[in-house]
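Enquirer: You'll find work.cif just under this line, and it carries mmCIF, C-alpha atoms.
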```cif
data_entry
#
loop_
_atom_site.label_atom_id
_atom_site.label_comp_id
_atom_site.auth_asym_id
_atom_site.auth_seq_id
_atom_site.Cartn_x
_atom_site.Cartn_y
_atom_site.Cartn_z
CA MET L 2 74.40 0.26 -14.78
CA THR L 3 73.12 -3.27 -15.42
CA GLN L 4 69.74 -4.33 -14.12
CA ASP L 5 69.87 -5.78 -10.61
CA LYS L 6 67.61 -8.83 -10.47
CA THR L 7 67.85 -9.36 -6.71
CA THR L 8 66.42 -6.06 -5.53
CA PRO L 9 62.92 -4.61 -6.01
CA ARG L 10 61.86 -3.04 -9.28
CA VAL L 11 59.93 0.19 -8.75
CA LEU L 12 57.69 2.04 -11.18
CA ILE L 13 56.69 5.64 -10.41
CA PHE L 14 53.47 6.70 -12.10
CA GLY L 15 53.52 10.49 -12.15
CA THR L 16 57.06 11.69 -11.51
CA GLY L 17 56.42 15.30 -10.66
CA SER L 18 57.55 16.89 -7.40
CA LEU L 19 56.70 14.16 -4.85
CA GLY L 20 57.44 11.34 -7.28
CA ALA L 21 60.87 12.79 -8.01
CA VAL L 22 61.68 13.11 -4.30
CA TYR L 23 60.94 9.43 -3.73
CA ALA L 24 62.78 8.43 -6.90
CA TRP L 25 65.88 9.98 -5.36
CA VAL L 26 65.16 8.49 -1.93
CA ILE L 27 64.66 4.97 -3.28
CA SER L 28 67.81 5.25 -5.42
CA ARG L 29 69.78 5.29 -2.15
CA ALA L 30 68.52 1.78 -1.40
CA ILE L 31 68.35 0.16 -4.85
CA PRO L 32 70.12 0.78 -8.18
CA GLU L 33 68.76 3.60 -10.34
CA SER L 34 68.30 1.08 -13.14
CA ASN L 35 65.67 -0.67 -11.00
CA ILE L 36 63.55 2.51 -10.97
CA THR L 37 61.33 3.52 -13.88
CA ALA L 38 59.76 6.99 -13.94
CA ILE L 39 56.73 7.80 -16.06
CA CYS L 40 56.82 11.47 -17.00
CA ARG L 41 54.65 13.85 -18.99
CA SER L 42 55.48 17.54 -19.24
CA ASN L 43 58.96 17.01 -17.75
CA TYR L 44 59.83 14.02 -19.95
CA ASP L 45 62.35 15.82 -22.19
CA ALA L 46 64.24 17.35 -19.27
CA ALA L 47 64.23 14.15 -17.21
CA SER L 48 65.31 11.93 -20.12
CA ARG L 49 68.21 14.30 -20.93
CA GLY L 50 69.48 15.03 -17.42
CA GLY L 51 67.59 12.97 -14.85
CA PHE L 52 66.07 14.72 -11.85
CA THR L 53 67.72 17.33 -9.63
CA LEU L 54 66.66 17.72 -6.01
CA HIS L 55 67.37 20.68 -3.73
CA SER L 56 66.48 19.70 -0.17
CA THR L 57 66.80 21.52 3.13
CA ILE L 58 67.24 18.10 4.75
CA TRP L 59 69.52 16.16 2.40
CA GLY L 60 71.33 18.93 0.51
CA ASN L 61 71.35 20.66 -2.85
CA ASP L 62 72.14 19.55 -6.40
CA LEU L 63 71.24 15.93 -5.70
CA SER L 64 70.64 13.91 -8.84
CA VAL L 65 68.90 10.69 -9.76
CA TRP L 66 68.79 9.03 -13.18
CA PRO L 67 66.00 6.47 -13.32
CA ARG L 68 64.76 4.94 -16.55
CA VAL L 69 62.44 7.58 -18.01
CA VAL L 70 59.41 6.63 -20.11
CA ARG L 71 56.22 8.28 -21.29
CA SER L 72 53.61 5.60 -20.61
CA ILE L 73 52.68 2.37 -18.86
CA ALA L 74 52.99 0.54 -22.17
CA GLU L 75 56.55 1.78 -22.62
CA ALA L 76 57.40 0.89 -19.03
CA VAL L 77 56.12 -2.66 -19.46
CA ALA L 78 57.87 -3.13 -22.80
CA GLN L 79 61.34 -2.15 -21.59
CA PRO L 80 63.82 -4.98 -21.01
CA PRO L 81 64.25 -7.07 -18.99
CA SER L 82 60.72 -8.46 -18.85
CA GLN L 83 60.61 -8.78 -15.06
CA PRO L 84 57.61 -7.73 -12.97
CA PHE L 85 57.54 -4.57 -10.91
CA ASP L 86 57.50 -5.08 -7.15
CA TYR L 87 56.04 -1.65 -6.37
CA ILE L 88 54.09 0.88 -8.40
CA LEU L 89 54.11 4.28 -6.72
CA VAL L 90 51.10 6.34 -7.80
CA ALA L 91 52.14 9.96 -7.33
CA THR L 92 49.69 11.73 -9.61
CA LYS L 93 47.08 14.19 -8.41
CA THR L 94 43.90 12.46 -7.24
CA LEU L 95 41.61 13.40 -10.10
CA PRO L 96 38.70 11.57 -11.74
CA THR L 97 39.88 10.33 -15.14
CA THR L 98 38.64 8.05 -17.91
CA PRO L 99 40.05 5.46 -17.84
CA SER L 100 40.75 5.59 -14.12
CA THR L 101 44.27 5.56 -12.68
CA ALA L 102 43.62 2.03 -11.40
CA GLU L 103 42.82 0.94 -14.95
CA LEU L 104 45.76 2.81 -16.48
CA ILE L 105 48.39 1.09 -14.34
CA ARG L 106 46.86 -2.40 -14.51
CA PRO L 107 49.05 -3.62 -17.42
CA ALA L 108 52.12 -3.11 -15.20
CA ILE L 109 50.71 -5.20 -12.35
CA THR L 110 51.69 -8.83 -11.81
CA PRO L 111 49.21 -10.39 -9.35
CA GLY L 112 50.97 -12.00 -6.41
CA ARG L 113 54.06 -9.84 -6.98
CA THR L 114 53.22 -6.16 -7.52
CA ALA L 115 52.05 -3.83 -4.73
CA VAL L 116 50.38 -0.50 -5.50
CA VAL L 117 51.54 2.39 -3.29
CA LEU L 118 49.22 5.41 -3.23
CA LEU L 119 51.20 8.62 -2.69
CA GLN L 120 48.06 10.71 -3.00
CA ASN L 121 45.95 13.12 -0.97
CA GLY L 122 42.35 12.68 0.09
CA ILE L 123 40.12 10.21 1.86
CA GLY L 124 38.46 7.11 0.45
CA ILE L 125 40.78 7.19 -2.56
CA GLU L 126 41.68 3.50 -2.30
CA GLU L 127 38.21 2.21 -3.24
CA ASP L 128 38.68 2.32 -7.03
CA PHE L 129 41.84 0.24 -6.73
CA ALA L 130 40.31 -2.21 -4.25
CA ARG L 131 37.28 -2.81 -6.49
CA LEU L 132 39.29 -3.31 -9.68
CA TYR L 133 41.91 -5.60 -8.14
CA ALA L 134 39.51 -7.59 -5.94
CA GLY L 135 40.62 -11.23 -5.97
CA ASP L 136 43.83 -10.46 -7.89
CA ASP L 137 46.21 -10.65 -4.88
CA VAL L 138 47.45 -7.07 -5.33
CA PRO L 139 48.54 -5.38 -2.08
CA ILE L 140 47.27 -1.80 -1.85
CA LEU L 141 49.49 0.35 0.35
CA SER L 142 47.89 3.62 1.39
CA THR L 143 50.29 6.36 2.47
CA VAL L 144 50.21 9.82 4.01
CA ALA L 145 53.11 12.02 2.99
CA TYR L 146 54.45 14.96 4.94
CA THR L 147 57.03 15.82 2.30
CA PRO L 148 56.47 19.32 0.91
CA ALA L 149 57.99 19.54 -2.56
CA THR L 150 57.64 21.84 -5.56
CA GLN L 151 58.83 21.36 -9.13
CA THR L 152 60.51 24.71 -9.78
CA ALA L 153 61.52 23.81 -13.35
CA PRO L 154 61.06 20.66 -15.45
CA ALA L 155 62.71 17.79 -13.51
CA VAL L 156 64.05 20.20 -10.85
CA VAL L 157 62.44 19.86 -7.43
CA LYS L 158 62.71 21.87 -4.21
CA HIS L 159 62.00 19.99 -0.97
CA ASP L 160 61.52 21.80 2.35
CA VAL L 161 61.54 21.29 6.10
CA VAL L 162 60.10 17.82 6.77
CA GLU L 163 59.98 14.31 5.34
CA HIS L 164 57.80 11.54 6.73
CA LEU L 165 55.76 8.84 5.03
CA HIS L 166 53.07 6.92 6.94
CA VAL L 167 52.25 3.54 5.39
CA GLY L 168 49.61 0.86 5.88
CA THR L 169 47.64 -1.71 3.92
CA TYR L 170 44.18 -1.09 2.54
CA PRO L 171 42.03 -2.33 4.02
CA ALA L 172 43.67 -2.42 7.42
CA THR L 173 42.32 -5.86 8.29
CA GLY L 174 41.28 -8.97 6.44
CA VAL L 175 44.18 -8.92 3.97
CA PRO L 176 46.68 -11.76 3.43
CA GLU L 177 49.85 -11.73 5.49
CA THR L 178 51.78 -11.29 2.23
CA HIS L 179 50.20 -7.85 1.87
CA LYS L 180 51.34 -6.88 5.36
CA ARG L 181 54.81 -8.19 4.52
CA SER L 182 54.87 -6.09 1.33
CA ALA L 183 54.16 -2.99 3.44
CA ARG L 184 56.97 -3.88 5.86
CA VAL L 185 59.46 -4.44 3.04
CA PHE L 186 58.53 -1.09 1.49
CA VAL L 187 59.01 0.75 4.78
CA ASP L 188 62.31 -1.09 5.35
CA MET L 189 63.49 0.00 1.89
CA LEU L 190 62.75 3.65 2.66
CA THR L 191 64.42 3.38 6.06
CA ALA L 192 67.51 1.82 4.48
CA ALA L 193 67.59 4.82 2.13
CA GLY L 194 67.72 7.19 5.10
CA ALA L 195 64.11 8.34 4.84
CA THR L 196 61.53 8.49 7.62
CA ALA L 197 58.75 5.95 7.23
CA THR L 198 56.30 4.57 9.77
CA LEU L 199 54.26 1.40 9.34
CA HIS L 200 50.73 1.50 10.80
CA ASP L 201 48.21 -1.23 11.45
CA ASP L 202 45.58 1.24 10.23
CA VAL L 203 46.91 4.25 8.33
CA GLN L 204 43.45 5.78 7.86
CA ALA L 205 43.81 7.61 11.17
CA GLN L 206 46.79 9.40 9.63
CA ARG L 207 44.73 10.19 6.53
CA TRP L 208 41.97 11.76 8.62
CA GLY L 209 44.55 13.71 10.62
CA LYS L 210 46.04 15.23 7.49
CA LEU L 211 42.57 15.85 6.08
CA LEU L 212 41.94 18.32 8.90
CA ILE L 213 44.50 20.52 7.14
CA ASN L 214 43.84 19.62 3.51
CA GLY L 215 40.05 19.62 3.77
CA SER L 216 39.96 23.09 5.28
CA TRP L 217 42.87 25.19 4.06
CA ASN L 218 42.96 23.86 0.50
CA PRO L 219 39.45 24.89 -0.59
CA ILE L 220 39.44 28.06 1.54
CA CYS L 221 42.69 29.36 0.08
CA ALA L 222 41.79 28.26 -3.46
CA LEU L 223 38.47 30.10 -3.31
CA THR L 224 39.80 33.29 -1.71
CA LYS L 225 43.21 33.31 -3.46
CA LEU L 226 44.71 34.10 -0.06
CA ARG L 227 47.44 32.16 1.74
CA ASP L 228 46.53 30.76 5.14
CA ARG L 229 47.85 33.64 7.26
CA GLN L 230 46.47 36.20 4.83
CA PHE L 231 43.01 34.64 5.12
CA VAL L 232 43.11 34.76 8.92
CA GLU L 233 44.25 38.39 8.89
CA SER L 234 41.38 39.25 6.53
CA GLY L 235 38.88 38.14 9.15
CA LYS L 236 40.05 40.14 12.15
CA LYS L 237 37.28 41.98 13.91
CA ASP L 238 37.03 45.74 13.86
CA ASP L 239 37.12 46.66 17.55
CA GLY L 240 36.29 50.34 17.44
CA GLY L 241 39.10 51.15 15.07
CA LYS L 242 41.59 49.13 17.09
CA GLU L 243 43.23 46.02 15.68
CA SER L 244 41.88 42.89 17.31
CA ARG L 245 43.78 39.67 17.87
CA GLU L 246 40.62 37.69 17.28
CA SER L 247 39.72 36.58 13.78
CA GLU L 248 36.32 35.38 12.62
CA ALA L 249 38.12 33.78 9.67
CA PHE L 250 40.24 31.77 12.11
CA GLU L 251 37.07 30.61 13.88
CA PHE L 252 35.62 29.60 10.52
CA VAL L 253 38.64 27.39 9.80
CA ARG L 254 38.28 25.82 13.24
CA ASP L 255 34.60 25.08 12.57
CA VAL L 256 35.44 23.42 9.24
CA MET L 257 38.10 21.27 10.91
CA LEU L 258 35.64 20.29 13.64
CA GLU L 259 33.20 19.12 10.96
CA ILE L 260 35.91 16.94 9.42
CA ALA L 261 36.75 15.58 12.88
CA SER L 262 33.10 14.69 13.46
CA VAL L 263 33.07 12.61 10.25
CA ALA L 264 36.30 10.86 11.25
CA GLN L 265 34.84 10.02 14.65
CA ALA L 266 31.71 8.64 13.01
CA CYS L 267 34.04 6.33 11.09
CA GLY L 268 35.56 5.12 14.36
CA TYR L 269 38.65 7.34 14.59
CA LYS L 270 38.10 8.84 18.03
CA ASP L 271 41.60 10.37 18.20
CA ILE L 272 40.61 12.84 15.47
CA ASN L 273 39.14 15.13 18.09
CA ASP L 274 38.99 18.72 19.34
CA GLU L 275 42.45 18.44 20.83
CA LEU L 276 43.96 17.44 17.50
CA VAL L 277 42.09 20.27 15.77
CA GLU L 278 43.62 22.76 18.21
CA SER L 279 47.05 21.22 17.66
CA GLN L 280 46.74 21.68 13.89
CA LEU L 281 45.48 25.24 14.31
CA GLY L 282 48.34 25.97 16.71
CA ARG L 283 50.84 25.74 13.87
CA LEU L 284 49.43 28.81 12.14
CA PRO L 285 50.70 31.57 14.50
CA LYS L 286 54.24 30.24 14.10
CA ARG L 287 54.17 31.12 10.41
CA GLY L 288 54.84 34.67 9.33
CA LEU L 289 52.91 36.55 6.69
CA PRO L 290 51.93 35.87 3.99
CA GLY L 291 51.80 32.24 5.12
CA ILE L 292 51.65 28.98 3.18
CA GLN L 293 50.12 28.54 -0.27
CA PRO L 294 48.31 25.18 -0.29
CA SER L 295 48.54 23.04 -3.42
CA MET L 296 44.90 23.62 -4.38
CA MET L 297 45.45 27.37 -4.29
CA ALA L 298 48.52 27.01 -6.51
CA ASP L 299 46.48 24.94 -8.97
CA ALA L 300 43.61 27.44 -8.88
CA LEU L 301 45.91 30.36 -9.68
CA GLU L 302 47.16 28.43 -12.72
CA MET L 303 43.62 27.28 -13.61
CA ARG L 304 44.60 23.62 -13.28
CA ASN L 305 42.22 20.86 -12.25
CA LEU L 306 41.64 20.74 -8.49
CA GLU L 307 41.59 17.68 -6.21
CA VAL L 308 38.16 18.74 -4.99
CA ASP L 309 36.45 15.35 -4.97
CA ALA L 310 39.25 13.39 -3.32
CA ILE L 311 39.83 15.92 -0.56
CA VAL L 312 36.43 17.53 0.05
CA GLY L 313 33.79 15.68 -1.97
CA ASN L 314 34.57 12.25 -0.55
CA THR L 315 34.40 13.66 2.97
CA VAL L 316 30.97 15.13 2.27
CA ARG L 317 29.76 11.82 0.83
CA ILE L 318 31.07 9.85 3.82
CA ALA L 319 29.35 12.36 6.13
CA LYS L 320 26.05 11.76 4.31
CA ASP L 321 26.47 7.98 4.68
CA LYS L 322 27.13 8.41 8.40
CA ASN L 323 24.30 10.96 8.91
CA VAL L 324 26.77 13.64 10.02
CA SER L 325 25.85 17.26 9.32
CA VAL L 326 28.66 19.20 7.59
CA PRO L 327 27.07 22.40 6.24
CA LEU L 328 30.31 24.40 6.04
CA LEU L 329 32.22 21.62 4.33
CA ARG L 330 29.34 20.99 1.93
CA THR L 331 29.31 24.68 0.99
CA LEU L 332 33.05 24.68 0.40
CA TYR L 333 32.69 21.57 -1.76
CA PHE L 334 30.10 23.02 -4.12
CA LEU L 335 31.92 26.35 -4.39
CA ALA L 336 35.26 24.67 -5.10
CA GLN L 337 33.59 22.29 -7.55
CA GLY L 338 32.14 25.32 -9.36
CA LEU L 339 35.52 27.03 -9.42
CA ASN L 340 37.04 23.89 -10.90
CA ALA L 341 34.36 23.74 -13.61
CA SER L 342 34.97 27.38 -14.51
CA PHE L 343 38.49 26.62 -15.63
CA SER L 344 37.32 24.45 -18.52
CA LEU L 345 34.78 27.08 -19.55
CA ALA L 346 37.49 29.73 -19.68
CA LYS L 347 39.70 27.71 -22.04
#
```
Would you give me this structure, written as structure tokens?
Expert:
Amino acid sequence: MTQDKTTPRVLIFGTGSLGAVYAWVISRAIPESNITAICRSNYDAASRGGFTLHSTIWGNDLSVWPRVVRSIAEAVAQPPSQPFDYILVATKTLPTTPSTAELIRPAITPGRTAVVLLQNGIGIEEDFARLYAGDDVPILSTVAYTPATQTAPAVVKHDVVEHLHVGTYPATGVPETHKRSARVFVDMLTAAGATATLHDDVQAQRWGKLLINGSWNPICALTKLRDRQFVESGKKDDGGKESRESEAFEFVRDVMLEIASVAQACGYKDINDELVESQLGRLPKRGLPGIQPSMMADALEMRNLEVDAIVGNTVRIAKDKNVSVPLLRTLYFLAQGLNASFSLAK
């Protein structure tokens, strides 16, 4: 297919599970030749046969064939020499040297390219905002409810739901062109048949998801138990009789309430007790053994954990706001230690 010069050019930095899902989604709105996917471990498979998606929503054996490259330099060098309109950052949120913001900078054309953060955590936009300050680069922060797993190189399984929440970073004080870039991105996803919602301030969505990620991820990674298994492990012994109450469940609630208190200190009053109970209410609907959070999956494989982005940043924001988070702070240091142990074991 020849390059289409009238539609957006999209670069995906980190085309693993989530990146591959959105490569396929976006290919329903623009030509595949307008999409470039940067791959690492799945490069050989993706360059030979593209990506295959099996989705409970859209169907099985779905394929997408973007341009596949290994690096930013290769992506920039490929013809034609036209700027990218969107760079989707879909890597794990890990501290690296150089930083992700620095790595993708050669692919950015100020005044044209928007950076879309398809990443977990809170406060993750700051590195990008500092580096691109004054460069007229829209930063679009997103919250993805799109569970996906790469079951084999360039083969992805997607389950149950699909929703992307989008907003500029920061929420206010940005040029109207940045707001327009966010609208165009959401419109592109909608035209592709995906579910995308544009927010004036998407940080409320980030805090809402952090109630789940900031609690279950470190707890399950540290215990090596799925969510339901962890709750079952904490049921009280009521004179030899099985109890419906679980001290482990109460512990998760307390961690979520700490996260909510930090969110409220930041001005997000809707991240409250009621929302905590709503998030906790999903657990009984899941059968045993329950869900394996991404941090637990990484821990079992001794891969680097997104500890700082998900837990550490929350603890640091709490300190800045003079909010006490003893449970969350404990989870942070334990998970940080677990993460450090992986490098010692290799």
Enquirer: Where does the PyMOL selection byres ((chain L and resi 54) around 10) land in this file, that is, which residues does it pick, as a PyMOL selection string?
Expert: chain L and resi 18+21-22+25+52-53+55-57+59-65+149-151+155-159
Enquirer: Using CA of Val162 in chain L and CA of Val256 in chain L as the two end points, give the distance in Å to one decimal.
Expert: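 Interatomic distance, CA of Val162 in chain L to CA of Val256 in chain L: 25.4 Å.
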Enquirer: Per residue of range 139-236 of chain L within 12 Å of range 82-89 of chain L, which atom pair is closest and at what distance in Å (one decimal), using all atoms listed in the file, listed by chain and increasing number, as a Markdown table?
Expert:
```
| residue | atom | partner | partner_atom | distance |
| --- | --- | --- | --- | --- |
| L:Pro139 | CA | L:Tyr87 | CA | 9.4 |
| L:Ile140 | CA | L:Ile88 | CA | 9.8 |
| L:Leu141 | CA | L:Leu89 | CA | 9.3 |
| L:Ser142 | CA | L:Leu89 | CA | 10.2 |
| L:Thr143 | CA | L:Leu89 | CA | 10.2 |
| L:His179 | CA | L:Tyr87 | CA | 11.9 |
| L:Ser182 | CA | L:Asp86 | CA | 8.9 |
| L:Ala183 | CA | L:Tyr87 | CA | 10.1 |
| L:Val185 | CA | L:Tyr87 | CA | 10.4 |
| L:Phe186 | CA | L:Tyr87 | CA | 8.3 |
| L:Val187 | CA | L:Tyr87 | CA | 11.8 |
| L:Met189 | CA | L:Tyr87 | CA | 11.2 |
```
Enquirer: Kindly give the distance, in Å, that separates CA of Val69 in chain L and CA of Ser48 in chain L, rounded to a single decimal.
Expert: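 A separation of 5.6 Å between them.
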Enquirer: Considering only C-alpha atoms, can you say which of L:Leu190, L:Val167, L:Cys40, L:Ile13 comes closest to Ser72 in chain L?
Expert: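 Answer, going by the shortest atom-to-atom distance: L:Cys40.
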Enquirer: Given the file shown, enumerate the residues that the PyMOL selection byres ((chain L and resi 99-109) around 9) captures and present them as a PyMOL selection string.
Expert: chain L and resi 12+14+73-74+76-77+84-88+90+92+94-98+110-111+113-116+128-130+132-133+138
Enquirer: Here is a test: counting all atoms listed in the file, which residue of L:Leu289, L:Val11, L:Leu345, L:Val326 is nearest to Val232 in chain L?
Expert: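 Checking each candidate against Val232 in chain L, we get L:Leu289 as the closest.
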Enquirer: With the PyMOL selection byres ((chain L and resi 284) around 12) as the selection, what would be picked from this file? Answer as a PDB file with C-alpha atoms, keeping the file's coordinate frame, please.
Expert:
```pdb
ATOM      1  CA  ILE L 213      44.500  20.520   7.140  1.00  0.00           C
ATOM      2  CA  TRP L 217      42.870  25.190   4.060  1.00  0.00           C
ATOM      3  CA  ARG L 227      47.440  32.160   1.740  1.00  0.00           C
ATOM      4  CA  ASP L 228      46.530  30.760   5.140  1.00  0.00           C
ATOM      5  CA  ARG L 229      47.850  33.640   7.260  1.00  0.00           C
ATOM      6  CA  GLN L 230      46.470  36.200   4.830  1.00  0.00           C
ATOM      7  CA  PHE L 231      43.010  34.640   5.120  1.00  0.00           C
ATOM      8  CA  VAL L 232      43.110  34.760   8.920  1.00  0.00           C
ATOM      9  CA  GLU L 233      44.250  38.390   8.890  1.00  0.00           C
ATOM     10  CA  PHE L 250      40.240  31.770  12.110  1.00  0.00           C
ATOM     11  CA  VAL L 253      38.640  27.390   9.800  1.00  0.00           C
ATOM     12  CA  ARG L 254      38.280  25.820  13.240  1.00  0.00           C
ATOM     13  CA  VAL L 277      42.090  20.270  15.770  1.00  0.00           C
ATOM     14  CA  GLU L 278      43.620  22.760  18.210  1.00  0.00           C
ATOM     15  CA  SER L 279      47.050  21.220  17.660  1.00  0.00           C
ATOM     16  CA  GLN L 280      46.740  21.680  13.890  1.00  0.00           C
ATOM     17  CA  LEU L 281      45.480  25.240  14.310  1.00  0.00           C
ATOM     18  CA  GLY L 282      48.340  25.970  16.710  1.00  0.00           C
ATOM     19  CA  ARG L 283      50.840  25.740  13.870  1.00  0.00           C
ATOM     20  CA  PRO L 285      50.700  31.570  14.500  1.00  0.00           C
ATOM     21  CA  LYS L 286      54.240  30.240  14.100  1.00  0.00           C
ATOM     22  CA  ARG L 287      54.170  31.120  10.410  1.00  0.00           C
ATOM     23  CA  GLY L 288      54.840  34.670   9.330  1.00  0.00           C
ATOM     24  CA  LEU L 289      52.910  36.550   6.690  1.00  0.00           C
ATOM     25  CA  PRO L 290      51.930  35.870   3.990  1.00  0.00           C
ATOM     26  CA  GLY L 291      51.800  32.240   5.120  1.00  0.00           C
ATOM     27  CA  ILE L 292      51.650  28.980   3.180  1.00  0.00           C
TER      28      ILE L 292
END
```
Enquirer: Using only C-alpha atoms for the distances, tell me which of L:Val203, L:Ile31, L:Ile39, L:Leu306 is nearest to Leu223 in chain L.
Expert: L:Leu306
Enquirer: Counting all atoms listed in the file, what is within 12 Å of Gly338 in chain L, bar same-chain residues fewer than 6 positions away, as a ChimeraX atom specification?
Expert: /L:219,222-223,300,305-306,308-309,331-332,344-345
Enquirer: Keeping C-alpha atoms, export the residues of the selection given above as a compact mmCIF listing (two decimals), in the frame of the given file.
Expert:
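As written to disk, out.txt reads:
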```txt
# COMPACT_ATOMS: atom_id res chain seq x y z
CA PRO L 219 39.45 24.89 -0.59
CA ALA L 222 41.79 28.26 -3.46
CA LEU L 223 38.47 30.10 -3.31
CA ALA L 300 43.61 27.44 -8.88
CA ASN L 305 42.22 20.86 -12.25
CA LEU L 306 41.64 20.74 -8.49
CA VAL L 308 38.16 18.74 -4.99
CA ASP L 309 36.45 15.35 -4.97
CA THR L 331 29.31 24.68 0.99
CA LEU L 332 33.05 24.68 0.40
CA SER L 344 37.32 24.45 -18.52
CA LEU L 345 34.78 27.08 -19.55
```
Enquirer: Mind checking which residues fall within 9 Å of Gly209 in chain L, counting only C-alpha atoms, ignoring those fewer than 6 positions away in the same chain, and posting them as JSON, numbers by chain?
Expert: {"L": [261, 264, 271, 272, 276, 277, 280]}
Enquirer: Using CA of Ala192 in chain L and CA of Pro80 in chain L as the two end points, give the distance in Å to one decimal.
Expert: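 Pair CA of Ala192 in chain L / CA of Pro80 in chain L returns 26.6 Å.
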Enquirer: What lies within 9 Å of range 41-45 of chain L using all atoms listed in the file, ignoring chain neighbours under 5 positions off, as a list in words?
Expert: Gly15, Thr16, Gly17, Gly50, Val69, Val70, Arg71, Ser72, Ala153, Pro154 and Ala155 of chain L
Enquirer: With 6 Å of padding per side, what axis-aligned box (centre and edge lengths, Å, one decimal) covers all the listed atoms of range 70-77 of chain L? Give it as AutoDock Vina command-line options.
Expert:
```
--center_x 56.0 --center_y 2.8 --center_z -20.7 --size_x 18.7 --size_y 22.9 --size_z 15.8
```
Enquirer: Could you give me range 142-147 of chain L completed to all heavy atoms, formatted as a PDB file, keeping the file's coordinate frame?
Expert:
```pdb
ATOM      1  N   SER L 142      48.323   2.233   1.289  1.00  0.00           N
ATOM      2  CA  SER L 142      47.890   3.620   1.390  1.00  0.00           C
ATOM      3  C   SER L 142      48.927   4.385   2.202  1.00  0.00           C
ATOM      4  O   SER L 142      49.447   3.871   3.202  1.00  0.00           O
ATOM      5  CB  SER L 142      46.527   3.687   2.080  1.00  0.00           C
ATOM      6  OG  SER L 142      46.023   5.000   2.079  1.00  0.00           O
ATOM      7  N   THR L 143      49.265   5.587   1.770  1.00  0.00           N
ATOM      8  CA  THR L 143      50.290   6.360   2.470  1.00  0.00           C
ATOM      9  C   THR L 143      49.823   7.788   2.719  1.00  0.00           C
ATOM     10  O   THR L 143      48.957   8.310   2.009  1.00  0.00           O
ATOM     11  CB  THR L 143      51.620   6.419   1.677  1.00  0.00           C
ATOM     12  OG1 THR L 143      51.488   7.342   0.581  1.00  0.00           O
ATOM     13  CG2 THR L 143      52.015   5.051   1.146  1.00  0.00           C
ATOM     14  N   VAL L 144      50.419   8.399   3.712  1.00  0.00           N
ATOM     15  CA  VAL L 144      50.210   9.820   4.010  1.00  0.00           C
ATOM     16  C   VAL L 144      51.580  10.466   4.050  1.00  0.00           C
ATOM     17  O   VAL L 144      52.426  10.105   4.881  1.00  0.00           O
ATOM     18  CB  VAL L 144      49.480  10.007   5.354  1.00  0.00           C
ATOM     19  CG1 VAL L 144      49.302  11.490   5.664  1.00  0.00           C
ATOM     20  CG2 VAL L 144      48.134   9.286   5.334  1.00  0.00           C
ATOM     21  N   ALA L 145      51.790  11.404   3.133  1.00  0.00           N
ATOM     22  CA  ALA L 145      53.110  12.020   2.990  1.00  0.00           C
ATOM     23  C   ALA L 145      53.145  13.409   3.600  1.00  0.00           C
ATOM     24  O   ALA L 145      52.296  14.252   3.300  1.00  0.00           O
ATOM     25  CB  ALA L 145      53.499  12.096   1.513  1.00  0.00           C
ATOM     26  N   TYR L 146      54.111  13.621   4.463  1.00  0.00           N
ATOM     27  CA  TYR L 146      54.450  14.960   4.940  1.00  0.00           C
ATOM     28  C   TYR L 146      55.816  15.281   4.338  1.00  0.00           C
ATOM     29  O   TYR L 146      56.844  15.197   5.011  1.00  0.00           O
ATOM     30  CB  TYR L 146      54.470  15.019   6.458  1.00  0.00           C
ATOM     31  CG  TYR L 146      53.099  14.912   7.087  1.00  0.00           C
ATOM     32  CD1 TYR L 146      52.591  13.680   7.476  1.00  0.00           C
ATOM     33  CD2 TYR L 146      52.306  16.038   7.263  1.00  0.00           C
ATOM     34  CE1 TYR L 146      51.318  13.569   8.040  1.00  0.00           C
ATOM     35  CE2 TYR L 146      51.036  15.944   7.829  1.00  0.00           C
ATOM     36  CZ  TYR L 146      50.546  14.701   8.211  1.00  0.00           C
ATOM     37  OH  TYR L 146      49.299  14.602   8.764  1.00  0.00           O
ATOM     38  N   THR L 147      55.796  15.591   3.060  1.00  0.00           N
ATOM     39  CA  THR L 147      57.030  15.820   2.300  1.00  0.00           C
ATOM     40  C   THR L 147      56.786  16.953   1.328  1.00  0.00           C
ATOM     41  O   THR L 147      56.556  16.733   0.130  1.00  0.00           O
ATOM     42  CB  THR L 147      57.456  14.537   1.537  1.00  0.00           C
ATOM     43  OG1 THR L 147      57.456  13.424   2.443  1.00  0.00           O
ATOM     44  CG2 THR L 147      58.843  14.674   0.937  1.00  0.00           C
TER      45      THR L 147
END
```
